[in-house]
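Source file structure.cif; content: mmCIF, C-alpha atoms.
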data_upload
loop_
_atom_site.group_PDB
_atom_site.id
_atom_site.type_symbol
_atom_site.label_atom_id
_atom_site.label_comp_id
_atom_site.auth_asym_id
_atom_site.auth_seq_id
_atom_site.Cartn_x
_atom_site.Cartn_y
_atom_site.Cartn_z
ATOM 1 C CA MET A 280 0.000 0.000 0.000
ATOM 2 C CA ILE A 281 1.297 3.429 -1.003
ATOM 3 C CA ARG A 282 0.813 6.222 1.564
ATOM 4 C CA ALA A 283 0.327 9.773 0.335
ATOM 5 C CA LEU A 284 -0.275 13.028 2.186
ATOM 6 C CA LEU A 285 -2.464 15.769 0.764
ATOM 7 C CA ALA A 286 -0.577 18.728 2.255
ATOM 8 C CA ALA A 287 -2.928 21.539 1.301
ATOM 9 C CA PRO A 288 -5.524 23.879 2.814
ATOM 10 C CA GLN A 289 -8.416 21.989 4.416
ATOM 11 C CA ARG A 290 -10.835 23.112 1.711
ATOM 12 C CA TYR A 291 -8.946 20.954 -0.794
ATOM 13 C CA TRP A 292 -9.888 17.655 0.873
ATOM 14 C CA PRO A 293 -13.599 17.345 -0.076
ATOM 15 C CA GLU A 294 -12.901 18.584 -3.585
ATOM 16 C CA TRP A 295 -9.720 16.663 -4.367
ATOM 17 C CA SER A 296 -9.900 13.380 -2.458
ATOM 18 C CA PRO A 297 -12.647 11.723 -4.589
ATOM 19 C CA HIS A 298 -10.892 12.650 -7.842
ATOM 20 C CA LEU A 299 -7.523 11.470 -6.560
ATOM 21 C CA ALA A 300 -9.020 8.172 -5.370
ATOM 22 C CA SER A 301 -10.609 7.622 -8.776
ATOM 23 C CA ALA A 302 -7.395 8.509 -10.616
ATOM 24 C CA PHE A 303 -5.300 6.191 -8.423
ATOM 25 C CA GLU A 304 -7.681 3.333 -9.100
ATOM 26 C CA ALA A 305 -7.617 4.001 -12.838
ATOM 27 C CA ALA A 306 -3.787 3.941 -12.732
ATOM 28 C CA GLY A 307 -3.780 0.618 -10.882
ATOM 29 C CA LEU A 308 -2.388 2.110 -7.677
ATOM 30 C CA GLU A 309 -3.414 1.188 -4.135
ATOM 31 C CA VAL A 310 -3.041 4.441 -2.243
ATOM 32 C CA GLU A 311 -3.956 5.433 1.285
ATOM 33 C CA LEU A 312 -4.462 9.194 1.128
ATOM 34 C CA ALA A 313 -4.269 11.219 4.344
ATOM 35 C CA PRO A 314 -5.608 14.779 4.860
ATOM 36 C CA GLU A 315 -3.009 15.683 7.486
ATOM 37 C CA ALA A 316 0.270 14.347 8.831
ATOM 38 C CA ASP A 317 -0.209 11.749 11.565
ATOM 39 C CA GLY A 318 3.419 11.130 12.447
ATOM 40 C CA GLY A 319 3.639 8.107 10.182
ATOM 41 C CA ALA A 320 5.704 7.566 7.065
ATOM 42 C CA TYR A 321 4.587 8.748 3.635
ATOM 43 C CA ASP A 322 5.763 7.806 0.174
ATOM 44 C CA TYR A 323 4.535 10.951 -1.550
ATOM 45 C CA VAL A 324 3.333 14.456 -0.721
ATOM 46 C CA ILE A 325 0.678 16.120 -2.862
ATOM 47 C CA TYR A 326 1.188 19.797 -2.138
ATOM 48 C CA ALA A 327 -0.560 23.158 -2.394
ATOM 49 C CA PRO A 328 0.525 26.333 -0.568
ATOM 50 C CA GLY A 329 -1.427 27.356 2.510
ATOM 51 C CA GLY A 330 -1.528 24.013 4.283
ATOM 52 C CA ALA A 331 0.111 23.008 7.549
ATOM 53 C CA LEU A 332 3.239 21.472 6.015
ATOM 54 C CA SER A 333 6.190 23.816 5.547
ATOM 55 C CA ASP A 334 9.065 21.761 6.963
ATOM 56 C CA PHE A 335 9.600 18.769 4.700
ATOM 57 C CA SER A 336 12.193 17.303 7.038
ATOM 58 C CA THR A 337 9.205 16.221 9.171
ATOM 59 C CA VAL A 338 8.190 13.743 6.471
ATOM 60 C CA PRO A 339 11.392 11.727 5.937
ATOM 61 C CA GLY A 340 11.388 9.036 3.308
ATOM 62 C CA VAL A 341 9.123 10.884 0.876
ATOM 63 C CA LYS A 342 10.070 9.913 -2.679
ATOM 64 C CA ALA A 343 8.638 12.990 -4.420
ATOM 65 C CA VAL A 344 6.470 16.050 -3.908
ATOM 66 C CA PHE A 345 3.761 16.709 -6.489
ATOM 67 C CA SER A 346 2.665 20.357 -6.586
ATOM 68 C CA LEU A 347 -0.952 21.067 -7.496
ATOM 69 C CA TRP A 348 0.002 24.534 -8.737
ATOM 70 C CA ALA A 349 1.559 25.397 -12.082
ATOM 71 C CA GLY A 350 3.814 27.952 -10.392
ATOM 72 C CA VAL A 351 6.230 26.717 -7.733
ATOM 73 C CA GLU A 352 7.766 30.000 -6.555
ATOM 74 C CA LYS A 353 6.238 29.555 -3.083
ATOM 75 C CA ILE A 354 7.981 26.230 -2.522
ATOM 76 C CA VAL A 355 11.005 25.848 -4.805
ATOM 77 C CA GLY A 356 13.321 27.764 -2.451
ATOM 78 C CA ASN A 357 12.330 25.811 0.664
ATOM 79 C CA PRO A 358 15.642 24.469 2.045
ATOM 80 C CA THR A 359 13.920 21.466 3.661
ATOM 81 C CA LEU A 360 12.519 20.283 0.332
ATOM 82 C CA THR A 361 15.328 18.026 -0.815
ATOM 83 C CA MET A 362 13.272 15.421 -2.668
ATOM 84 C CA PRO A 363 12.191 15.673 -6.344
ATOM 85 C CA LEU A 364 9.496 18.284 -6.969
ATOM 86 C CA THR A 365 7.076 18.353 -9.890
ATOM 87 C CA ARG A 366 4.804 21.180 -10.983
ATOM 88 C CA MET A 367 1.268 20.798 -12.257
ATOM 89 C CA VAL A 368 0.618 20.828 -15.976
ATOM 90 C CA ASP A 369 -3.103 20.160 -16.079
ATOM 91 C CA PRO A 370 -4.938 19.795 -19.417
ATOM 92 C CA GLY A 371 -7.936 21.615 -17.939
ATOM 93 C CA LEU A 372 -5.737 24.475 -16.745
ATOM 94 C CA VAL A 373 -4.201 24.805 -20.213
ATOM 95 C CA GLU A 374 -7.628 24.868 -21.874
ATOM 96 C CA GLY A 375 -8.881 27.522 -19.470
ATOM 97 C CA MET A 376 -5.824 29.701 -19.991
ATOM 98 C CA VAL A 377 -6.145 29.499 -23.767
ATOM 99 C CA GLU A 378 -9.785 30.576 -23.506
ATOM 100 C CA PHE A 379 -8.974 33.522 -21.211
ATOM 101 C CA VAL A 380 -6.045 34.762 -23.276
ATOM 102 C CA THR A 381 -7.708 34.441 -26.676
ATOM 103 C CA GLY A 382 -10.840 36.126 -25.302
ATOM 104 C CA HIS A 383 -8.981 39.168 -23.994
ATOM 105 C CA VAL A 384 -6.665 39.427 -26.986
ATOM 106 C CA LEU A 385 -9.719 39.454 -29.260
ATOM 107 C CA ARG A 386 -11.357 42.028 -26.968
ATOM 108 C CA HIS A 387 -8.421 44.410 -27.333
ATOM 109 C CA HIS A 388 -7.885 43.602 -31.017
ATOM 110 C CA LEU A 389 -11.507 44.406 -31.869
ATOM 111 C CA GLY A 390 -11.743 47.424 -29.542
ATOM 112 C CA MET A 391 -14.807 45.973 -27.848
ATOM 113 C CA ASP A 392 -14.617 48.180 -24.765
ATOM 114 C CA ALA A 393 -15.461 51.331 -26.719
ATOM 115 C CA HIS A 394 -18.840 49.862 -27.624
ATOM 116 C CA ILE A 395 -19.575 47.828 -24.512
ATOM 117 C CA HIS A 396 -19.043 50.900 -22.339
ATOM 118 C CA GLY A 397 -20.246 53.429 -24.881
ATOM 119 C CA GLN A 398 -24.011 52.818 -24.962
ATOM 120 C CA ASP A 399 -24.924 56.486 -24.634
ATOM 121 C CA GLY A 400 -26.792 57.111 -27.880
ATOM 122 C CA THR A 401 -23.727 58.308 -29.767
ATOM 123 C CA TRP A 402 -23.012 56.736 -33.155
ATOM 124 C CA ARG A 403 -19.228 56.749 -33.225
ATOM 125 C CA ASN A 404 -17.298 56.803 -36.450
ATOM 126 C CA ALA A 405 -14.876 54.266 -35.070
ATOM 127 C CA VAL A 406 -12.058 52.819 -37.141
ATOM 128 C CA VAL A 407 -12.782 49.282 -38.321
ATOM 129 C CA PRO A 408 -10.223 46.971 -36.682
ATOM 130 C CA PRO A 409 -7.622 45.295 -38.868
ATOM 131 C CA LEU A 410 -7.770 41.616 -39.617
ATOM 132 C CA ALA A 411 -5.970 39.397 -37.130
ATOM 133 C CA ARG A 412 -3.165 38.716 -39.573
ATOM 134 C CA HIS A 413 -2.276 42.396 -39.389
ATOM 135 C CA ARG A 414 -2.227 42.517 -35.579
ATOM 136 C CA LYS A 415 1.108 41.858 -33.901
ATOM 137 C CA VAL A 416 0.880 39.852 -30.673
ATOM 138 C CA SER A 417 3.846 38.845 -28.520
ATOM 139 C CA VAL A 418 3.686 36.106 -25.895
ATOM 140 C CA LEU A 419 6.398 36.134 -23.238
ATOM 141 C CA GLY A 420 6.838 32.610 -21.903
ATOM 142 C CA LEU A 421 6.532 29.531 -24.104
ATOM 143 C CA GLY A 422 6.015 26.796 -21.542
ATOM 144 C CA GLN A 423 2.926 24.609 -21.489
ATOM 145 C CA LEU A 424 0.586 27.565 -20.977
ATOM 146 C CA GLY A 425 2.345 30.180 -23.087
ATOM 147 C CA GLY A 426 3.035 27.761 -25.913
ATOM 148 C CA ALA A 427 -0.601 26.662 -26.062
ATOM 149 C CA CYS A 428 -1.792 30.289 -26.089
ATOM 150 C CA ALA A 429 0.699 31.287 -28.782
ATOM 151 C CA ARG A 430 -0.421 28.403 -31.002
ATOM 152 C CA ALA A 431 -4.102 29.230 -30.450
ATOM 153 C CA LEU A 432 -3.556 32.894 -31.369
ATOM 154 C CA ALA A 433 -1.583 31.877 -34.458
ATOM 155 C CA ALA A 434 -4.465 29.580 -35.435
ATOM 156 C CA LEU A 435 -6.721 32.672 -35.349
ATOM 157 C CA ASN A 436 -4.305 34.254 -37.861
ATOM 158 C CA PHE A 437 -2.662 36.725 -35.471
ATOM 159 C CA ASP A 438 0.928 37.633 -36.279
ATOM 160 C CA VAL A 439 2.447 35.939 -33.222
ATOM 161 C CA VAL A 440 5.938 36.159 -31.798
ATOM 162 C CA GLY A 441 6.870 34.153 -28.727
ATOM 163 C CA TRP A 442 9.796 34.737 -26.394
ATOM 164 C CA SER A 443 11.432 32.345 -23.954
ATOM 165 C CA ARG A 444 14.659 32.195 -22.009
ATOM 166 C CA ARG A 445 15.862 29.201 -24.023
ATOM 167 C CA PRO A 446 15.374 28.826 -27.808
ATOM 168 C CA LYS A 447 12.175 27.005 -28.766
ATOM 169 C CA THR A 448 10.314 26.078 -31.939
ATOM 170 C CA LEU A 449 6.527 26.284 -32.361
ATOM 171 C CA ASP A 450 4.643 25.814 -35.612
ATOM 172 C CA GLY A 451 3.122 29.071 -36.818
ATOM 173 C CA VAL A 452 4.936 31.157 -34.196
ATOM 174 C CA THR A 453 8.119 33.177 -34.641
ATOM 175 C CA CYS A 454 10.193 32.188 -31.608
ATOM 176 C CA LEU A 455 12.777 34.484 -30.061
ATOM 177 C CA SER A 456 15.072 34.148 -27.054
ATOM 178 C CA GLY A 457 17.743 36.025 -25.160
ATOM 179 C CA ASP A 458 17.991 39.744 -24.389
ATOM 180 C CA ASP A 459 17.916 40.832 -28.029
ATOM 181 C CA GLY A 460 14.933 38.620 -28.680
ATOM 182 C CA LEU A 461 13.084 40.152 -25.715
ATOM 183 C CA GLU A 462 13.651 43.675 -27.019
ATOM 184 C CA GLU A 463 12.378 42.644 -30.450
ATOM 185 C CA ALA A 464 9.312 40.920 -28.990
ATOM 186 C CA LEU A 465 8.436 44.014 -26.965
ATOM 187 C CA ALA A 466 9.095 46.529 -29.756
ATOM 188 C CA ARG A 467 6.546 44.879 -32.057
ATOM 189 C CA ALA A 468 3.865 43.958 -29.502
ATOM 190 C CA GLU A 469 0.615 45.760 -30.169
ATOM 191 C CA ILE A 470 -0.808 43.248 -27.688
ATOM 192 C CA LEU A 471 1.521 41.663 -25.115
ATOM 193 C CA VAL A 472 0.654 38.485 -23.187
ATOM 194 C CA LEU A 473 2.678 37.597 -20.080
ATOM 195 C CA LEU A 474 2.927 33.914 -19.161
ATOM 196 C CA LEU A 475 6.388 33.713 -17.653
ATOM 197 C CA PRO A 476 7.165 31.956 -14.369
ATOM 198 C CA LEU A 477 8.126 34.168 -11.450
ATOM 199 C CA THR A 478 11.849 33.884 -10.742
ATOM 200 C CA PRO A 479 14.490 36.370 -9.571
ATOM 201 C CA SER A 480 15.290 37.079 -13.232
ATOM 202 C CA THR A 481 11.674 37.745 -14.259
ATOM 203 C CA GLU A 482 10.513 39.861 -11.294
ATOM 204 C CA ASN A 483 9.875 43.406 -12.540
ATOM 205 C CA LEU A 484 10.854 42.280 -16.027
ATOM 206 C CA LEU A 485 8.510 44.934 -17.392
ATOM 207 C CA ASP A 486 10.053 47.991 -15.755
ATOM 208 C CA ALA A 487 9.753 51.572 -16.991
ATOM 209 C CA LYS A 488 12.469 51.088 -19.613
ATOM 210 C CA ARG A 489 10.936 47.962 -21.123
ATOM 211 C CA LEU A 490 7.396 49.343 -20.968
ATOM 212 C CA ALA A 491 8.667 52.293 -23.003
ATOM 213 C CA THR A 492 9.822 49.835 -25.674
ATOM 214 C CA LEU A 493 6.233 48.820 -26.453
ATOM 215 C CA PRO A 494 4.442 50.573 -29.335
ATOM 216 C CA LYS A 495 2.341 53.572 -28.294
ATOM 217 C CA GLY A 496 -1.131 52.429 -27.271
ATOM 218 C CA ALA A 497 -0.154 48.781 -26.766
ATOM 219 C CA CYS A 498 -2.301 46.562 -24.576
ATOM 220 C CA ILE A 499 -1.015 44.131 -21.952
ATOM 221 C CA VAL A 500 -2.725 40.942 -20.804
ATOM 222 C CA ASN A 501 -1.131 39.460 -17.669
ATOM 223 C CA PRO A 502 -2.532 36.141 -16.443
ATOM 224 C CA GLY A 503 0.950 34.943 -15.432
ATOM 225 C CA ARG A 504 2.331 36.456 -12.235
ATOM 226 C CA GLY A 505 1.747 39.913 -10.769
ATOM 227 C CA PRO A 506 5.383 40.788 -9.951
ATOM 228 C CA LEU A 507 6.396 40.397 -13.598
ATOM 229 C CA ILE A 508 5.392 44.064 -13.954
ATOM 230 C CA ASP A 509 6.583 47.082 -11.977
ATOM 231 C CA ASP A 510 3.220 48.393 -10.720
ATOM 232 C CA ASP A 511 4.248 52.050 -10.477
ATOM 233 C CA ALA A 512 5.852 52.021 -13.916
ATOM 234 C CA LEU A 513 2.723 50.465 -15.403
ATOM 235 C CA LEU A 514 0.443 53.082 -13.839
ATOM 236 C CA ALA A 515 2.703 55.872 -15.103
ATOM 237 C CA ALA A 516 2.735 54.464 -18.646
ATOM 238 C CA LEU A 517 -1.060 54.206 -18.666
ATOM 239 C CA ALA A 518 -1.521 57.711 -17.242
ATOM 240 C CA SER A 519 0.763 59.203 -19.893
ATOM 241 C CA GLY A 520 -1.061 57.456 -22.734
ATOM 242 C CA ALA A 521 2.014 55.451 -23.717
ATOM 243 C CA LEU A 522 0.018 52.278 -23.054
ATOM 244 C CA GLY A 523 -3.563 51.768 -24.088
ATOM 245 C CA HIS A 524 -4.798 49.196 -21.576
ATOM 246 C CA ALA A 525 -3.715 46.517 -19.117
ATOM 247 C CA THR A 526 -5.860 43.507 -18.268
ATOM 248 C CA LEU A 527 -4.449 42.143 -15.009
ATOM 249 C CA ASP A 528 -5.487 38.843 -13.470
ATOM 250 C CA VAL A 529 -2.612 38.412 -10.995
ATOM 251 C CA PHE A 530 -1.160 40.734 -8.371
ATOM 252 C CA ARG A 531 1.580 41.064 -5.774
ATOM 253 C CA GLN A 532 -1.068 40.879 -3.054
ATOM 254 C CA GLU A 533 -4.245 38.855 -3.482
ATOM 255 C CA PRO A 534 -7.030 39.664 -2.989
ATOM 256 C CA LEU A 535 -6.109 43.057 -4.419
ATOM 257 C CA PRO A 536 -6.724 45.602 -1.599
ATOM 258 C CA PRO A 537 -9.679 47.964 -2.157
ATOM 259 C CA GLU A 538 -7.375 50.973 -1.890
ATOM 260 C CA HIS A 539 -4.966 49.765 -4.589
ATOM 261 C CA PRO A 540 -4.688 52.304 -7.440
ATOM 262 C CA PHE A 541 -5.349 49.622 -10.067
ATOM 263 C CA TRP A 542 -9.053 49.687 -9.167
ATOM 264 C CA ALA A 543 -9.504 53.323 -10.141
ATOM 265 C CA ALA A 544 -6.832 53.683 -12.816
ATOM 266 C CA LYS A 545 -8.020 54.513 -16.294
ATOM 267 C CA GLY A 546 -7.071 51.753 -18.701
ATOM 268 C CA VAL A 547 -6.883 48.912 -16.177
ATOM 269 C CA THR A 548 -9.146 45.876 -16.049
ATOM 270 C CA VAL A 549 -8.845 43.850 -12.840
ATOM 271 C CA THR A 550 -9.966 40.221 -12.891
ATOM 272 C CA PRO A 551 -9.750 38.203 -9.636
ATOM 273 C CA HIS A 552 -7.187 35.516 -10.591
ATOM 274 C CA ILE A 553 -9.695 33.634 -12.730
ATOM 275 C CA ALA A 554 -7.715 33.222 -15.955
ATOM 276 C CA SER A 555 -7.500 29.534 -15.242
ATOM 277 C CA ALA A 556 -7.246 27.080 -12.403
ATOM 278 C CA THR A 557 -6.097 23.572 -11.710
ATOM 279 C CA ARG A 558 -9.158 21.375 -12.139
ATOM 280 C CA PRO A 559 -9.254 18.336 -9.845
ATOM 281 C CA GLU A 560 -11.049 16.103 -12.352
ATOM 282 C CA THR A 561 -8.176 16.379 -14.836
ATOM 283 C CA ALA A 562 -5.242 17.250 -12.578
ATOM 284 C CA ALA A 563 -5.760 14.185 -10.377
ATOM 285 C CA HIS A 564 -4.785 11.991 -13.320
ATOM 286 C CA VAL A 565 -1.523 13.929 -13.703
ATOM 287 C CA VAL A 566 -0.718 13.217 -10.038
ATOM 288 C CA ALA A 567 -1.614 9.547 -10.450
ATOM 289 C CA GLU A 568 0.507 9.177 -13.571
ATOM 290 C CA ASN A 569 3.526 10.713 -11.845
ATOM 291 C CA MET A 570 3.026 8.408 -8.859
ATOM 292 C CA ARG A 571 2.806 5.425 -11.207
ATOM 293 C CA ARG A 572 6.007 6.561 -12.918
ATOM 294 C CA ALA A 573 7.816 6.971 -9.615
ATOM 295 C CA GLU A 574 6.779 3.489 -8.494
ATOM 296 C CA ALA A 575 7.918 2.030 -11.825
ATOM 297 C CA GLY A 576 11.249 3.880 -11.786
ATOM 298 C CA GLU A 577 10.317 5.942 -14.839
ATOM 299 C CA PRO A 578 11.164 9.659 -15.333
ATOM 300 C CA LEU A 579 8.730 12.024 -13.661
ATOM 301 C CA LEU A 580 6.627 14.429 -15.689
ATOM 302 C CA HIS A 581 7.147 18.186 -15.251
ATOM 303 C CA LEU A 582 10.142 17.858 -12.928
ATOM 304 C CA VAL A 583 11.157 21.248 -11.531
ATOM 305 C CA ASP A 584 14.619 22.569 -12.385
ATOM 306 C CA ARG A 585 15.693 24.079 -9.028
ATOM 307 C CA SER A 586 18.393 26.226 -10.623
ATOM 308 C CA ALA A 587 15.900 27.797 -13.037
ATOM 309 C CA GLY A 588 13.161 28.089 -10.441
ATOM 310 C CA TYR A 589 10.468 26.284 -12.418
#

Once you've parsed the file, please lay out its structure as structure tokens.
Amino acid sequence: MIRALLAAPQRYWPEWSPHLASAFEAAGLEVELAPEADGGAYDYVIYAPGGALSDFSTVPGVKAVFSLWAGVEKIVGNPTLTMPLTRMVDPGLVEGMVEFVTGHVLRHHLGMDAHIHGQDGTWRNAVVPPLARHRKVSVLGLGQLGGACARALAALNFDVVGWSRRPKTLDGVTCLSGDDGLEEALARAEILVLLLPLTPSTENLLDAKRLATLPKGACIVNPGRGPLIDDDALLAALASGALGHATLDVFRQEPLPPEHPFWAAKGVTVTPHIASATRPETAAHVVAENMRRAEAGEPLLHLVDRSAGY
């Protein structure tokens, strides 16, 4: 019998335990799943931030830790976490992110806000938007989420450039990398999508200097991580008219405090971290497959590179 600990906030147990049990059975695994540490030994930890477990030295003998979150910045630097760590790449999460990103890119591309918020009896002689193939979109981050979004936007005929730290190749997407590639991706981005992981090298990546590189009136869609953008620099760029709009789904502090200037700033749309989410019904099978692989001595899926931070 395999013993696993669901080290997560208490609210996870009623939602996750039935799906995990079903996924374990489908994978041919006999697993005893515990909602909290009982002093016994565990083979695996299934982890989400906010639970009681923070010192992994208290669960000796654990073979691997499976994170239920796509981002691992809250755990990757934990000095007590010496066992292999995997991040969550959930098919449902990817689908949801593609839907959010394509929806908001199309919103900005088509200039929908002017009409949705302009129902005042005025017939505006608005400029007809260009076709998607004439709209330049840049996606920063070409991992599972960013790559899927870049491909989906390219399939809608947008002129898509993607940027990543390491060189990558995606059909239909012009892929750039490195510092020069980042400058090029920003300089052409009429719409910029941020789907980078949060690491020391990506925090405040969009500072005042890089925001100034964007074309005048560019729109930003950030469903990645809040600290990728310098908040003050973003507000200044919007106030000056250098940027046209920022749709922000993630923030340095969540929930976003009522007094935060983003709420009242012209040109900002705040969404409450709803771009996508790990869905237990699909993510449980990712956990089960990784557990099966670990038991069989096979390579784990989505193993975190500690040096890179993701």

The PyMOL selection byres ((chain A and resi 364-376) around 9) resolved against shown file, as a VMD selection string | chain A and resid 343 to 351 355 360 to 363 377 to 381 423 to 425 427 to 428 502 554 to 566 569 579 to 585 589

Determine the nearest neighbour of His388 of chain A from the options A:Thr359, A:Trp295, A:Ile470, A:Leu312, counting only C-alpha atoms.
-> A:Ile470

d(atom CA of Leu513 of chain A, atom CA of His413 of chain A) in Å |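 Atom-to-atom, atom CA of Leu513 of chain A to atom CA of His413 of chain A, that is 25.8 Å.
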
Translate the PyMOL selection byres ((chain A and resi 435) around 12), as applied to the file shown, into an explicit residue set as a PyMOL selection string.
-> chain A and resi 381-382+384-385+388+410-414+416+428-434+436-439+451-452

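With only C-alpha atoms as the atoms that count, the minimum distance from Pro494 of chain A to the choices A:Lys342, A:Arg444, A:Arg572, A:Lys415 is reached by A:Lys415.
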
If you count all atoms listed in the file, the residue of A:Gly420, A:Pro479, A:Gly505, A:Gly546 closest to Gly457 of chain A turns out to be A:Gly420

Explicit residue set for the PyMOL selection byres ((chain A and resi 340) around 8), as a list in words | Ala320, Tyr321, Asp322, Val338, Pro339, Val341 and Lys342 of chain A

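A straight line drawn from atom CA of Gly356 of chain A to atom CA of Leu490 of chain A is 29.0 Å long.
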
Gap from atom CA of Arg531 of chain A to atom CA of Ala327 of chain A - Å, one decimal |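 Answer for the atom CA of Arg531 of chain A to atom CA of Ala327 of chain A separation: 18.3 Å.
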
Non-local contacts of segment 508-512 of chain A (7 Å; all atoms listed in the file; under 6 positions in same chain excluded) as a ChimeraX atom specification = /A:483-487

Expected answer as a ChimeraX atom specification: all residues with atoms within 6 Å of (-5.7, 15.6, 3.7), all atoms listed in the file | /A:285,292,313-315

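Among the candidates A:Thr526, A:Gln532, A:Gln289, A:Thr481, the one nearest to Leu507 of chain A when counting all atoms listed in the file is A:Thr481.
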
Which neighbours of segment 464-467 of chain A fall inside 7 Å, counting all atoms listed in the file, when residues of the same chain fewer than 2 positions from it are skipped, and could you give them as a ChimeraX atom specification?
-> /A:415,417,440,442,460-462,469,492-494

Pick from A:Val500, A:Ile553, A:Ala283, A:Cys454 nearest to Arg386 of chain A, counting all atoms listed in the file |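 Smallest separation from Arg386 of chain A among the options: A:Val500.
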
A:Ser301, A:Asn501, A:Asn404, A:Thr448 ranked by distance to Val529 of chain A, top pick (using all atoms listed in the file) =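 Checking each of A:Ser301, A:Asn501, A:Asn404, A:Thr448 against Val529 of chain A, counting all atoms listed in the file, the winner is A:Asn501.
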
Glu309 of chain A: which residues within 8 Å, counting all atoms listed in the file, same-chain residues fewer than 5 positions away excluded, as a list in words?
-> Met280, Ile281, Phe303 and Glu304 of chain A
